[in-house]
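Below: the structure, in structure tokens.
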Amino acid sequence: MTQTTTPSVTPTAMRRTLAGFATGLSVVAAEIDGQIVGMPANSLTSVSLDPPLVSLAFAHTSTTWPILRRAPHWGISVLGEAQEQVLRDLRRPAAERFGGEMNIDGGAAFVPGALATITVTPRTAVEAGDHTLVLLEVQDLHRDETQRPLVFFGSTTHTLSH
């Protein structure tokens, strides 16, 4: 008789456990064929200082990722604590997400007033389970040091307190 054991590392267990890891919130966007295409991302990770590299992960189920990957330059906007409305707007269908103003620079699109902006070019994409991990070369960046971040923890947004 063969016994089957249920693995303890399930997608639900992964999601619940990693919800205990606080991350910043960002928006990755580009102008493609005259339209802004983008999505929220909390998978932004610093990879290397020299050369300057960051990474993002995109779910294979994303309908935005196949379009965004066509753009040669992307903008990453790190959201400040006053920008929670930006996340609500991004919950809309893809065609309705960017009704507000965006700053465009060489095809990279940025949320106005973001805590930080990073201009990137895609370098390498690696299939990683149910996601695609993308290594991005940083071309330009800026941080407004007067702002504090909007934080994602426990599957909801928070602000920092001192």
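Scheme for the structure tokens: letters A, B, ... for chains in order shown; per-chain residue numbers from 1; ligand numbers from 1 in order shown.
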
Handout entry: 8 Å contact set for range 141-146 of chain A, only C-alpha atoms, chain neighbours under 4 positions out, as a ChimeraX atom specification
Key = /A:114-119

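Of the residues in range 25-146 of chain A, those that DSSP places in helix (DSSP H, G or I) on the basis of the backbone are Trp65, Pro66, Ile67, Leu68, Glu84, Gln85, Val86, Leu87, Arg88, Asp89, Leu90, Ala94, Ala95 and Glu96 of chain A.
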
Pro122 in chain A surroundings by only C-alpha atoms, 10 Å radius, close-in-sequence under 4 positions cut, as a list in words: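 Final neighbour list, sorted by chain and number: Leu53, Val54, Ser55, Leu56, Arg69, Arg70, Ala71, Pro72, His73, Trp74, Val134, Leu135, Leu136, Glu137 and Val138 of chain A.
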
Output the selection as a compact mmCIF listing (two decimals), in the first residue's frame - C-alpha atoms for each residue.
```
# COMPACT_ATOMS: atom_id res chain seq x y z
CA LEU A 53 20.63 45.82 -11.95
CA VAL A 54 17.18 45.23 -10.46
CA SER A 55 14.64 42.48 -11.04
CA LEU A 56 10.87 42.04 -11.25
CA ARG A 69 7.77 43.02 -22.63
CA ARG A 70 7.65 44.61 -26.12
CA ALA A 71 8.84 47.99 -24.76
CA PRO A 72 12.60 48.73 -24.88
CA HIS A 73 12.45 51.00 -21.79
CA TRP A 74 10.30 50.77 -18.67
CA VAL A 134 13.21 39.66 -15.48
CA LEU A 135 16.64 41.15 -14.91
CA LEU A 136 16.65 44.88 -15.70
CA GLU A 137 19.55 47.24 -16.33
CA VAL A 138 19.14 50.59 -14.53
```

Got a sec: who's within 8 Å of range 19-22 of chain A, counting only C-alpha atoms, leaving out chain neighbours fewer than 2 positions off, as a PyMOL selection string? chain A and resi 15-17+24+151-155

Residues from last step as file, C-alpha atoms, as a PDB file, in the first residue's frame:
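Result written to again18.pdb:
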```pdb
ATOM      1  CA  ARG A  15       1.292  33.333   0.045  1.00  0.00           C
ATOM      2  CA  ARG A  16       0.349  33.344   3.752  1.00  0.00           C
ATOM      3  CA  THR A  17       3.935  32.968   4.971  1.00  0.00           C
ATOM      4  CA  GLY A  24       7.617  48.344  -0.974  1.00  0.00           C
ATOM      5  CA  VAL A 151       4.393  49.332   2.360  1.00  0.00           C
ATOM      6  CA  PHE A 152       2.750  45.981   1.580  1.00  0.00           C
ATOM      7  CA  PHE A 153       2.478  43.646   4.583  1.00  0.00           C
ATOM      8  CA  GLY A 154      -0.094  41.015   5.531  1.00  0.00           C
ATOM      9  CA  SER A 155      -1.689  41.344   2.066  1.00  0.00           C
TER      10      SER A 155
END
```

From the DSSP assignment of the backbone, select every residue of range 14-80 of chain A that is strand (DSSP E or B), and format the answer as JSON, numbers by chain. {"A": [23, 24, 26, 27, 28, 29, 30, 31, 32, 35, 36, 37, 38, 39, 40, 41, 45, 46, 47, 48, 49, 52, 53, 54, 55, 56, 57, 58, 59, 74, 75, 76, 77, 78, 80]}

- Task: State, in Å with one decimal place, the distance from CA of Val78 in chain A to CA of Val27 in chain A.
- Result: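 Rounded to one decimal, the two atoms are 6.6 Å apart.
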
* Which of these residues is nearest to Glu96 in chain A, using only C-alpha atoms: A:Val28, A:Pro52, A:Val37, A:Ala13? ->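 Distance minimum relative to Glu96 in chain A lands on A:Val37.
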
The residue from A:Pro93, A:Gln35, A:Thr45, A:Pro7 with the smallest atom-to-atom distance to Thr63 in chain A, counting only C-alpha atoms, is A:Pro93

So what do you get for CA of Ala125 in chain A versus CA of Val47 in chain A, distance-wise?
->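 Straight-line distance from CA of Ala125 in chain A to CA of Val47 in chain A works out to 14.0 Å.
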
Rounded to one decimal, what separation in Å do you get between CA of Phe110 in chain A and CA of Leu160 in chain A?
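Distance reported for this atom pair: 23.0 Å.
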
Please identify all polymer residues within 10 Å of Leu133 in chain A, counting only C-alpha atoms, omitting same-chain residues fewer than 4 positions from it, and present them as a ChimeraX atom specification.
/A:43,55-59,124-129

Using only C-alpha atoms, can you tell me which of A:Met39, A:Ile76, A:Val120, A:Leu18 comes closest to Ala95 in chain A?
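Closest to Ala95 in chain A of all the choices is A:Met39.
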